Structures are given as C-alpha cells and as structure tokens.
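So this block is structure_22.txt, compact mmCIF, C-alpha atoms:
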```txt
# COMPACT_ATOMS: atom_id res chain seq x y z
CA MET A 13 99.30 107.27 78.97
CA LYS A 14 96.21 105.77 77.41
CA VAL A 15 97.14 107.16 74.02
CA ILE A 16 100.69 105.84 74.32
CA LYS A 17 99.35 102.42 75.33
CA ILE A 18 97.05 102.31 72.34
CA LEU A 19 99.82 103.46 70.01
CA LEU A 20 102.22 100.86 71.40
CA CYS A 21 99.65 98.11 71.15
CA SER A 22 98.76 99.02 67.60
CA LEU A 23 102.45 99.15 66.73
CA VAL A 24 102.97 95.68 68.15
CA VAL A 25 99.90 94.44 66.36
CA SER A 26 101.00 95.98 63.06
CA LEU A 27 104.42 94.37 63.35
CA PHE A 28 103.31 90.91 64.33
CA GLY A 29 99.66 90.71 63.41
CA THR A 30 100.19 89.06 60.08
CA SER A 31 96.94 87.11 59.91
CA VAL A 32 94.73 88.06 56.99
CA ASN A 33 91.42 87.85 58.82
CA ALA A 34 92.24 89.06 62.33
CA ASP A 35 91.32 92.72 62.32
CA ASP A 36 91.94 95.35 64.92
CA TYR A 37 89.07 97.49 66.03
CA VAL A 38 88.81 100.58 68.16
CA ILE A 39 85.65 100.79 70.23
CA ASP A 40 83.52 103.63 68.93
CA VAL A 41 83.34 105.82 72.02
CA ASN A 42 83.36 109.06 70.05
CA GLY A 43 80.16 108.15 68.26
CA ALA A 44 78.85 106.60 71.50
CA HIS A 45 78.03 103.31 69.85
CA ALA A 46 79.27 101.54 72.93
CA PHE A 47 77.86 101.09 76.42
CA VAL A 48 79.20 99.81 79.70
CA GLN A 49 76.23 99.10 81.91
CA PHE A 50 75.35 97.38 85.12
CA LYS A 51 72.16 95.99 86.52
CA ALA A 52 71.57 95.54 90.24
CA GLN A 53 68.61 94.60 92.34
CA HIS A 54 66.97 97.21 94.52
CA LEU A 55 65.68 95.72 97.78
CA GLY A 56 65.01 92.55 95.81
CA TYR A 57 61.98 94.30 94.32
CA SER A 58 63.23 95.71 91.04
CA TYR A 59 66.26 96.22 88.83
CA LEU A 60 68.34 99.34 88.78
CA TYR A 61 70.35 100.11 85.65
CA GLY A 62 73.40 102.30 85.52
CA ARG A 63 76.24 102.93 83.15
CA PHE A 64 79.72 104.32 82.86
CA ASN A 65 79.96 107.21 80.45
CA THR A 66 83.72 107.30 79.96
CA PHE A 67 85.72 104.30 78.83
CA ASP A 68 88.06 103.22 76.14
CA GLY A 69 88.96 99.99 74.47
CA LYS A 70 89.94 97.99 71.46
CA PHE A 71 89.68 94.47 70.28
CA THR A 72 91.01 92.10 67.69
CA TYR A 73 88.46 89.91 65.99
CA ASP A 74 88.75 87.00 63.65
CA SER A 75 85.53 85.15 62.97
CA GLU A 76 87.50 82.08 61.86
CA ASP A 77 90.15 81.77 64.53
CA ASP A 78 89.30 82.02 68.25
CA THR A 79 92.93 82.27 69.27
CA LYS A 80 93.30 85.61 67.51
CA ASN A 81 90.49 87.27 69.43
CA SER A 82 91.24 89.59 72.28
CA VAL A 83 89.76 92.60 74.07
CA TRP A 84 91.23 95.37 76.18
CA MET A 85 89.09 97.97 77.94
CA THR A 86 89.44 100.58 80.64
CA VAL A 87 86.58 102.33 82.41
CA ASP A 88 86.69 105.66 84.23
CA MET A 89 84.90 104.75 87.47
CA SER A 90 84.02 108.37 88.28
CA SER A 91 81.87 108.47 85.14
CA VAL A 92 79.21 106.30 86.80
CA ASP A 93 75.73 107.49 85.88
CA SER A 94 72.56 106.03 87.35
CA ASN A 95 70.44 109.04 86.43
CA HIS A 96 70.44 110.27 90.04
CA SER A 97 73.17 112.66 91.12
CA GLU A 98 72.97 111.83 94.83
CA ARG A 99 73.24 108.10 94.18
CA ASP A 100 76.13 108.63 91.75
CA LYS A 101 77.91 110.63 94.42
CA HIS A 102 77.41 107.77 96.89
CA LEU A 103 78.67 105.22 94.38
CA ARG A 104 81.87 107.20 93.79
CA GLY A 105 82.43 107.53 97.55
CA LYS A 106 84.51 105.46 99.94
CA LYS A 107 81.73 102.98 100.74
CA PHE A 108 81.47 101.82 97.15
CA PHE A 109 83.83 102.50 94.22
CA ASN A 110 86.25 104.74 96.13
CA VAL A 111 87.20 106.44 92.89
CA ASP A 112 89.81 108.70 94.48
CA LYS A 113 91.84 105.60 95.24
CA PHE A 114 90.74 103.39 92.33
CA PRO A 115 89.92 105.69 89.43
CA GLU A 116 90.02 103.02 86.75
CA ALA A 117 88.59 99.59 86.08
CA LYS A 118 90.20 97.36 83.50
CA PHE A 119 89.42 94.26 81.53
CA VAL A 120 92.05 92.26 79.66
CA SER A 121 90.92 89.13 77.89
CA ARG A 122 92.77 85.83 78.21
CA ALA A 123 90.75 83.44 76.07
CA TYR A 124 87.90 83.44 73.58
CA LYS A 125 85.94 80.34 72.77
CA THR A 126 83.14 79.99 70.26
CA VAL A 127 80.20 78.13 71.77
CA SER A 128 77.77 78.11 68.87
CA ALA A 129 76.93 80.27 65.89
CA GLY A 130 76.97 83.87 67.08
CA LYS A 131 77.83 82.96 70.67
CA ALA A 132 81.09 82.75 72.56
CA LYS A 133 82.68 82.73 76.00
CA LEU A 134 85.22 85.43 76.73
CA THR A 135 87.50 84.83 79.71
CA GLY A 136 89.66 87.58 81.11
CA ASP A 137 90.96 89.53 84.07
CA LEU A 138 88.70 92.18 85.47
CA THR A 139 90.34 94.74 87.75
CA LEU A 140 87.85 96.58 89.91
CA MET A 141 88.75 98.64 92.98
CA GLY A 142 92.31 97.36 92.81
CA VAL A 143 91.28 93.69 92.86
CA THR A 144 91.85 91.52 89.81
CA LYS A 145 89.60 88.49 89.28
CA LYS A 146 88.95 86.10 86.45
CA VAL A 147 85.53 86.58 84.88
CA VAL A 148 83.79 84.88 81.98
CA PHE A 149 81.55 86.92 79.70
CA ASP A 150 78.82 85.40 77.57
CA VAL A 151 79.32 87.08 74.23
CA LYS A 152 76.73 87.57 71.54
CA ILE A 153 78.16 88.46 68.16
CA ILE A 154 75.58 90.91 66.90
CA GLY A 155 76.95 91.77 63.50
CA GLY A 156 79.60 93.37 61.38
CA GLY A 157 80.07 94.96 58.00
CA ARG A 158 80.52 98.16 56.08
CA ASP A 159 78.99 101.31 57.48
CA PRO A 160 77.53 104.03 55.21
CA TRP A 161 80.55 106.33 55.75
CA GLY A 162 83.37 104.24 54.39
CA GLY A 163 84.27 102.36 57.53
CA TYR A 164 83.94 98.80 58.72
CA ARG A 165 82.27 97.94 62.00
CA GLN A 166 81.82 94.91 64.21
CA GLY A 167 79.60 94.72 67.27
CA PHE A 168 79.09 92.50 70.33
CA GLU A 169 77.17 92.31 73.52
CA ALA A 170 78.83 90.67 76.50
CA ARG A 171 77.22 89.84 79.84
CA THR A 172 78.47 88.43 83.08
CA LEU A 173 77.51 88.27 86.72
CA ILE A 174 80.00 89.43 89.29
CA ASN A 175 79.89 89.30 93.06
CA THR A 176 80.92 92.71 94.36
CA LYS A 177 82.24 91.11 97.54
CA ASP A 178 84.97 89.47 95.43
CA PHE A 179 86.18 92.98 94.71
CA GLY A 180 85.88 94.16 98.30
CA MET A 181 82.62 96.07 97.95
CA SER A 182 79.60 95.22 100.07
CA LEU A 183 76.31 96.42 98.77
CA PRO A 184 73.58 97.49 101.18
CA LYS A 185 71.61 94.33 100.52
CA LYS A 186 71.92 90.65 101.08
CA ARG A 187 72.77 89.78 97.52
CA ASN A 188 75.93 91.27 96.10
CA ASP A 189 75.63 90.09 92.53
CA ILE A 190 75.59 92.60 89.74
CA GLU A 191 75.16 91.95 86.08
CA LEU A 192 77.59 93.70 83.76
CA VAL A 193 76.38 94.35 80.25
CA VAL A 194 78.98 95.60 77.81
CA SER A 195 77.58 96.44 74.43
CA VAL A 196 80.17 97.68 71.98
CA GLU A 197 80.73 98.48 68.37
CA GLY A 198 84.28 98.71 67.05
CA CYS A 199 85.60 100.40 63.96
CA LYS A 200 88.28 98.62 62.04
CA SER A 201 91.51 100.48 62.47
CA PRO A 202 93.34 102.21 60.98
CA ASN A 203 90.18 103.66 59.61
CA LYS A 204 88.83 107.11 59.02
CA GLY A 205 85.22 105.98 59.35
CA CYS A 206 85.23 105.86 63.16
CA ASN A 207 86.78 109.29 63.49
CA SER A 208 84.22 111.04 61.38
CA ASN A 209 81.28 109.52 63.17
CA MET B 8 58.76 144.77 121.73
CA LYS B 9 58.75 146.83 118.59
CA HIS B 10 58.52 144.92 115.35
CA PHE B 11 61.26 146.75 113.49
CA SER B 12 64.66 148.08 114.36
CA ASP B 13 65.44 151.69 115.23
CA GLU B 14 68.80 153.42 115.62
CA GLN B 15 69.40 151.86 119.05
CA HIS B 16 67.52 148.58 119.05
CA PHE B 17 66.94 145.53 116.92
CA GLY B 18 63.28 144.91 116.15
CA PHE B 19 61.43 141.76 117.16
CA VAL B 20 61.42 140.40 113.59
CA ARG B 21 65.16 140.74 113.20
CA ILE B 22 65.82 139.17 116.60
CA LEU B 23 63.52 136.25 115.85
CA ILE B 24 65.08 135.65 112.43
CA HIS B 25 68.56 135.80 113.94
CA TRP B 26 67.89 133.05 116.47
CA VAL B 27 65.91 130.87 114.10
CA ILE B 28 68.80 131.13 111.62
CA ALA B 29 71.25 130.22 114.39
CA CYS B 30 69.26 127.09 115.30
CA ILE B 31 68.85 126.01 111.68
CA VAL B 32 72.55 126.53 110.88
CA VAL B 33 73.63 124.35 113.81
CA GLY B 34 70.93 121.79 113.02
CA LEU B 35 71.88 121.60 109.35
CA PHE B 36 75.55 121.19 110.19
CA ALA B 37 74.88 118.38 112.66
CA SER B 38 72.35 116.65 110.41
CA GLY B 39 74.72 116.95 107.47
CA LEU B 40 77.41 115.06 109.34
CA TRP B 41 74.95 112.52 110.68
CA MET B 42 72.87 111.74 107.61
CA THR B 43 75.84 111.08 105.31
CA GLU B 44 76.87 108.22 107.60
CA LEU B 45 73.45 106.57 107.80
CA ASP B 46 73.00 102.95 106.83
CA TYR B 47 70.91 102.33 103.72
CA TYR B 48 68.32 100.44 105.79
CA SER B 49 68.03 103.12 108.47
CA SER B 50 64.51 104.51 108.75
CA TRP B 51 66.11 107.97 108.61
CA TYR B 52 67.92 107.28 105.35
CA ARG B 53 65.31 109.08 103.30
CA VAL B 54 63.72 111.38 105.90
CA GLY B 55 67.05 112.78 107.16
CA PRO B 56 68.22 114.19 103.82
CA ASP B 57 64.67 115.31 102.96
CA LEU B 58 64.49 117.39 106.14
CA HIS B 59 68.05 118.65 105.67
CA LYS B 60 67.18 119.94 102.20
CA SER B 61 63.86 121.42 103.31
CA PHE B 62 65.42 123.28 106.22
CA GLY B 63 68.23 124.37 103.89
CA VAL B 64 65.68 126.05 101.66
CA THR B 65 63.98 127.56 104.74
CA LEU B 66 67.34 128.95 105.85
CA THR B 67 67.94 130.44 102.42
CA ILE B 68 64.58 132.22 102.53
CA LEU B 69 65.37 133.56 106.01
CA ILE B 70 68.80 134.76 104.90
CA VAL B 71 67.23 136.60 101.98
CA CYS B 72 64.65 138.14 104.37
CA SER B 73 67.46 139.13 106.66
CA ILE B 74 69.39 140.81 103.86
CA LEU B 75 66.24 142.62 102.72
CA LEU B 76 65.48 143.82 106.26
CA LYS B 77 69.04 145.04 106.59
CA ARG B 78 68.85 146.89 103.26
CA LEU B 79 65.34 148.28 103.50
CA THR B 80 64.88 149.18 107.16
CA ILE B 81 66.73 151.36 109.62
CA GLN B 82 69.64 149.58 111.25
CA PRO B 83 70.85 150.07 114.81
CA ARG B 84 74.20 151.82 114.84
CA ALA B 85 77.27 150.00 116.09
CA LEU B 86 77.94 150.65 119.75
CA SER B 87 80.11 153.70 120.27
CA THR B 88 82.39 151.72 122.56
CA HIS B 89 83.31 149.38 119.70
CA SER B 90 86.55 150.11 117.90
CA ARG B 91 86.65 150.47 114.14
CA VAL B 92 88.40 147.10 113.90
CA VAL B 93 85.63 145.40 115.87
CA VAL B 94 82.96 146.99 113.69
CA LEU B 95 84.80 146.00 110.53
CA LEU B 96 85.36 142.42 111.69
CA SER B 97 81.74 141.95 112.71
CA ARG B 98 80.58 143.28 109.33
CA LEU B 99 82.98 140.92 107.60
CA ALA B 100 81.61 137.99 109.60
CA GLN B 101 78.07 138.96 108.70
CA PHE B 102 78.99 139.27 105.03
CA TYR B 103 80.68 135.87 105.25
CA PHE B 104 77.57 134.24 106.73
CA TYR B 105 75.27 135.70 104.09
CA SER B 106 77.43 134.91 101.08
CA VAL B 107 78.64 131.45 102.11
CA ILE B 108 75.20 130.29 103.25
CA LEU B 109 73.82 131.34 99.86
CA LEU B 110 76.70 129.48 98.22
CA MET B 111 75.78 126.45 100.31
CA PHE B 112 72.22 126.64 99.10
CA LEU B 113 73.48 126.69 95.51
CA THR B 114 75.89 123.76 95.98
CA GLY B 115 73.40 121.74 98.03
CA TYR B 116 70.80 122.31 95.33
CA LEU B 117 73.29 121.10 92.69
CA ILE B 118 74.11 117.90 94.61
CA THR B 119 70.44 116.96 94.40
CA THR B 120 69.51 118.33 90.99
CA SER B 121 72.49 117.86 88.69
CA SER B 122 71.02 114.72 87.14
CA GLY B 123 67.64 116.35 86.61
CA GLN B 124 65.80 115.53 89.85
CA ASP B 125 63.77 118.24 91.59
CA LEU B 126 64.64 119.40 95.07
CA LEU B 127 61.53 118.69 97.15
CA VAL B 128 60.76 121.07 100.01
CA PHE B 129 58.82 119.42 102.88
CA GLY B 130 57.05 117.38 100.20
CA LEU B 131 55.10 120.53 99.33
CA PHE B 132 56.78 121.78 96.19
CA GLY B 133 59.84 121.03 94.10
CA ILE B 134 62.57 123.36 92.92
CA PRO B 135 63.29 122.21 89.37
CA SER B 136 66.70 121.25 88.11
CA ILE B 137 68.28 123.87 85.87
CA LEU B 138 71.91 122.91 85.44
CA GLN B 139 72.83 119.34 84.57
CA ARG B 140 76.39 118.27 84.04
CA ASP B 141 78.33 115.04 84.61
CA ASN B 142 80.10 114.91 87.98
CA LEU B 143 78.88 118.39 88.93
CA GLU B 144 77.52 116.88 92.16
CA ASP B 145 81.06 115.92 93.22
CA LEU B 146 82.43 119.45 92.92
CA ALA B 147 79.26 120.86 94.51
CA GLY B 148 79.54 118.33 97.35
CA ASP B 149 83.14 119.25 98.13
CA ILE B 150 82.35 122.97 98.18
CA HIS B 151 79.23 122.30 100.30
CA GLU B 152 81.19 120.36 102.90
CA TRP B 153 84.10 122.79 103.19
CA SER B 154 81.74 125.76 103.29
CA ALA B 155 79.81 124.09 106.11
CA TRP B 156 82.93 123.68 108.22
CA SER B 157 83.98 127.27 107.56
CA VAL B 158 80.54 128.65 108.46
CA ILE B 159 80.60 126.72 111.74
CA CYS B 160 84.11 128.03 112.50
CA VAL B 161 83.00 131.62 111.89
CA ALA B 162 79.86 130.94 113.96
CA VAL B 163 81.99 129.77 116.88
CA ILE B 164 84.10 132.93 116.64
CA HIS B 165 80.89 134.99 116.36
CA THR B 166 79.54 133.31 119.53
CA LEU B 167 82.76 133.76 121.47
CA ALA B 168 82.86 137.43 120.42
CA ALA B 169 79.28 137.95 121.64
CA LEU B 170 80.11 136.33 124.98
CA LYS B 171 83.26 138.43 125.25
CA HIS B 172 81.22 141.60 124.69
CA HIS B 173 78.72 140.49 127.31
CA PHE B 174 80.94 139.17 130.08
CA ILE B 175 84.23 141.00 129.60
CA ASP B 176 83.32 144.32 127.97
CA ARG B 177 79.95 144.24 129.75
CA ASP B 178 78.22 146.06 126.89
CA ILE B 179 74.80 145.50 125.29
CA THR B 180 75.97 143.74 122.10
CA LEU B 181 74.40 140.41 123.08
CA LEU B 182 71.51 141.87 125.07
CA ARG B 183 70.14 143.86 122.18
CA MET B 184 70.00 140.69 120.08
CA ILE B 185 67.80 139.16 122.83
CA THR B 186 65.45 141.96 123.75
CA ASN B 187 64.85 145.60 122.90
CA LYS B 188 63.61 146.47 126.37
CA PHE B 189 66.71 147.02 128.42
CA GLU B 190 68.46 149.54 130.54
CA ARG B 191 71.84 150.71 129.45
CA ARG B 192 74.45 148.63 131.28
CA SER B 193 77.07 150.46 133.24
CA PRO B 194 80.52 149.49 132.09
```
What would you get if you wrote out this structure as structure tokens?
Amino acid sequence: MKVIKILLCSLVVSLFGTSVNADDYVIDVNGAHAFVQFKAQHLGYSYLYGRFNTFDGKFTYDSEDDTKNSVWMTVDMSSVDSNHSERDKHLRGKKFFNVDKFPEAKFVSRAYKTVSAGKAKLTGDLTLMGVTKKVVFDVKIIGGGRDPWGGYRQGFEARTLINTKDFGMSLPKKRNDIELVVSVEGCKSPNKGCNSN
Amino acid sequence: MKHFSDEQHFGFVRILIHWVIACIVVGLFASGLWMTELDYYSSWYRVGPDLHKSFGVTLTILIVCSILLKRLTIQPRALSTHSRVVVLLSRLAQFYFYSVILLMFLTGYLITTSSGQDLLVFGLFGIPSILQRDNLEDLAGDIHEWSAWSVICVAVIHTLAALKHHFIDRDITLLRMITNKFERRSP
C-alpha cells in the first residue's frame, strides 16, 4: 500500500508539478539519515528520549515559494525504541499506543510559512492513535546541496509540543506534554544517490 | 526421612524441591497477573517485577536441579496399580512442566534483556543480555503469557489427578510426595 501511495503521489507530482524550483524528496530512511524522536519528562526530574525506528516519508521543497512546500510521513508505532525493552513493551500496550489497534501514525502538512531566514512554521494534521489533530511544527532548515555520491540532499529539523491527552493517551504523570523532534534528510527524487547510500 | 529417593520412596530433597517449585509456580503466576496491572506510582511497581524475575530464576535453578536428580539418582517406580495410560500421562505432564517452565525462563529473560539490560536477581547479580533484536520482547511476552496459562492449566489437572489418586483410588501417589515414612494403604 505504502509503495502504491508513493508511486501514485510521485505520478501526480510528475504530471502537475511543473515548477522549476519545487523539488520532490524522499526521506532517507535506508541510510538512516532521518530520526523521529520524542522527549518526555520522567517524574518531573529528568528527560527521557525515545525514537521510532521505522517510518517513511517524502516532501516537496521550494526555498523560494512557501506554497509549494509539503510533507507526508507515516510512522510504524510498534517500532518505538526507548532503549529499554520492558518500557517499549509497555508503550506498545493498551495503556499507551495500543499498536494492535493503531499501528500507524501519520502527518500530512497543510501549510508552510517562512518565519525568518532558515526558520519556518509547518502546520499539518497529525494522526496518532486514531485521533487527528492540527499541530504546528517549528522548522529549522539545516541545509541542502550535492552529496559526494551524485545525489542531492536537503535536511530539516522540526519540533513541536503535543499534549497526549488530545490523542486519548494519559501518561502516568501530571503533565502530558511530549516534545516531538523530527530530524530528516531527503534525497531529491528520482535520484539514484539515495538508493546507494 | 532419607535424603535421596529409592525404588519405593521419594527422598527428602526431591519432596522439598517439589513443594517449593509448586509454591513458586503459583506465586509467579499470580504475581505476573498482578504486577502487569500496577499503577506507575504504586510502591510495588519496581519491587513486584524485580521479585517476579528473581523468583523466576530461582525456579529455573530448582527445575534444573530436579531434572538432574531425576537423571542421576534412583527413581521410585510407578505404582503397580497405575495403568500404562496413567503412567504415560503423568510422565507427559512432568515433561510439559520441565520444558515449558524452561521456555518461560527464556522468554521472561528476553522481555527484560532484549534491549541490552541485565536481568538482576535479588539485586545480587545480573544475567547479561545476549540476544538483542527489535520487538523481540513482544513475541517473548506473548509466548511467556500463553505458556503461563498453559502451565497453570496442567498444574490444575496434576493437582486434581493427585487428589483423585488419594481420595478415590486410595493409593500412595500423593502420600509419597509428602513423606517417605508411611504404611502401605489398603485399597
């Protein structure tokens, strides 16, 4: 399904995406130059970091024209990894992510707005545990350019705070806010550079 | 009481191990159900699983001892009044206990260690993690849970069978797992 979706999307983009500067990128998951992470407080005393190991996504980026920019990502919720197998098992369970029922999280962007040089706001729909909510990511445009293997790459880091209660998940603590940190590098597609690395 | 078994009687060591194993199996099953439902802020949230794991390792050691005793020492013969089917079924049950409890040790160990953490035993020593793989703890957890239910089911049958031998057949099956000083019961 995922492959078909990507193929369809790229077909649509290749038919209608006539802009010179708006380029399509596939997030470099094969080379693992992309990270979907979260940061939560533990007891209010410290931060706990975790990540999702399996996800997929693509984006269109035009540094000149905000209206061309868009992102689409899916995350396999069962791939949660907080470096502690017992905790990961809890997180996948019914009390938290309930991955048997909601195996996938999704983000589809709606709007992109440049704030200042190298910074932007990315608004979109985040679907988590079957609930879709509007979220706004603070985006940092890290860089882009040729890679040493014949490809072209573009990278971002996006952060936002979500309240897990909005998505129907209560954490065992008073505060339910979690910071999401999505750090991705995309390879311009169609492009052989991403595949080989 | 004699320490080791002879052709008629179970030895003291075997009897003791049997009943300690029985208590631990029931305790682990109950604590397994209980501790997985604990609230994060419960004072048992950490201690419960720690004890469960530690007693799990204790049980594994006792099972290994039990298998060694069975292999290396003389075993009491099955009662002559028992049919071949009864003897076969009881051996099957015993084999089931040994193999599935060892499987439960393996899967329980993997739940804890498959991201690299050690399994701590009574805070005394840690069993290091050997096998690390993504989502291995989920598979291990499912097997652990189903195995637990199956062991308890077989244990219930095992108990009912022992009571049947004692109260209906009126033989010494149960008695010789309690003491080795007894008179032969008249049927």
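Taking all atoms listed in the file into account, the residues near (91.6, 87.9, 87.9), no farther than 12 Å, are Lys118, Phe119, Val120, Ser121, Arg122, Thr135, Gly136, Asp137, Leu138, Thr139, Leu140, Gly142, Val143, Thr144, Lys145, Lys146, Val147, Val148, Ile174, Asp178 and Phe179 of chain A.
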Exercise. Calculate how many Å separate atom CA of B:Leu146 from atom CA of B:Gly115, rounding to one decimal.
Key: 10.6 Å
Self-check item: 10 Å contacts from chain B to chain A using all atoms listed in the file, as an MDAnalysis selection string
Solution: chainID B and resid 43:44 46:48 117:124 139:145 148
Written file, previous selection with C-alpha atoms, as a short mmCIF file (atom, residue, chain, number, x, y, z; two decimals), in the coordinates of the input:
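Generated file (again18.cif):
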```
data_model
loop_
_atom_site.label_atom_id
_atom_site.label_comp_id
_atom_site.auth_asym_id
_atom_site.auth_seq_id
_atom_site.Cartn_x
_atom_site.Cartn_y
_atom_site.Cartn_z
CA THR B 43 75.84 111.08 105.31
CA GLU B 44 76.87 108.22 107.60
CA ASP B 46 73.00 102.95 106.83
CA TYR B 47 70.91 102.33 103.72
CA TYR B 48 68.32 100.44 105.79
CA LEU B 117 73.29 121.10 92.69
CA ILE B 118 74.11 117.90 94.61
CA THR B 119 70.44 116.96 94.40
CA THR B 120 69.51 118.33 90.99
CA SER B 121 72.49 117.86 88.69
CA SER B 122 71.02 114.72 87.14
CA GLY B 123 67.64 116.35 86.61
CA GLN B 124 65.80 115.53 89.85
CA GLN B 139 72.83 119.34 84.57
CA ARG B 140 76.39 118.27 84.04
CA ASP B 141 78.33 115.04 84.61
CA ASN B 142 80.10 114.91 87.98
CA LEU B 143 78.88 118.39 88.93
CA GLU B 144 77.52 116.88 92.16
CA ASP B 145 81.06 115.92 93.22
CA GLY B 148 79.54 118.33 97.35
#
```
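The space between atom CA of A:Thr172 and atom CA of A:Phe149 spans 4.8 Å.
When all atoms listed in the file are used to compute distances to A:Lys80, the closest of the residues A:Phe114, A:His45, A:Asp40, A:Tyr124 turns out to be A:Tyr124.
Using all atoms listed in the file, the nearest neighbour of B:Trp156 within the list B:Arg53, B:Phe36, B:Leu95, B:Arg84 is B:Phe36.
Among the candidates A:Ala52, A:Met85, A:Ala123, A:Ala117, the residue lying nearest to A:Val196 is A:Met85 (atoms considered: all atoms listed in the file).
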Exercise. Quick one: everything within 6 Å of B:Thr114, counting only C-alpha atoms, minus sequence neighbours fewer than 3 positions away in the same chain. Send it as a ChimeraX atom specification.
Key: /B:111,117,147,151
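Remark: for B:Leu40, the closest of the candidate residues B:Phe104, B:Thr180, B:Leu23, B:Trp153 is B:Trp153 (distances computed over all atoms listed in the file).
Put simply, atom CA of A:Phe47 is 7.9 Å away from atom CA of A:Val193.
Of the listed residues (A:Ile153, A:Leu134, A:Met181, A:Val38), A:Val38 comes nearest to A:Thr72; the distances count all atoms listed in the file.
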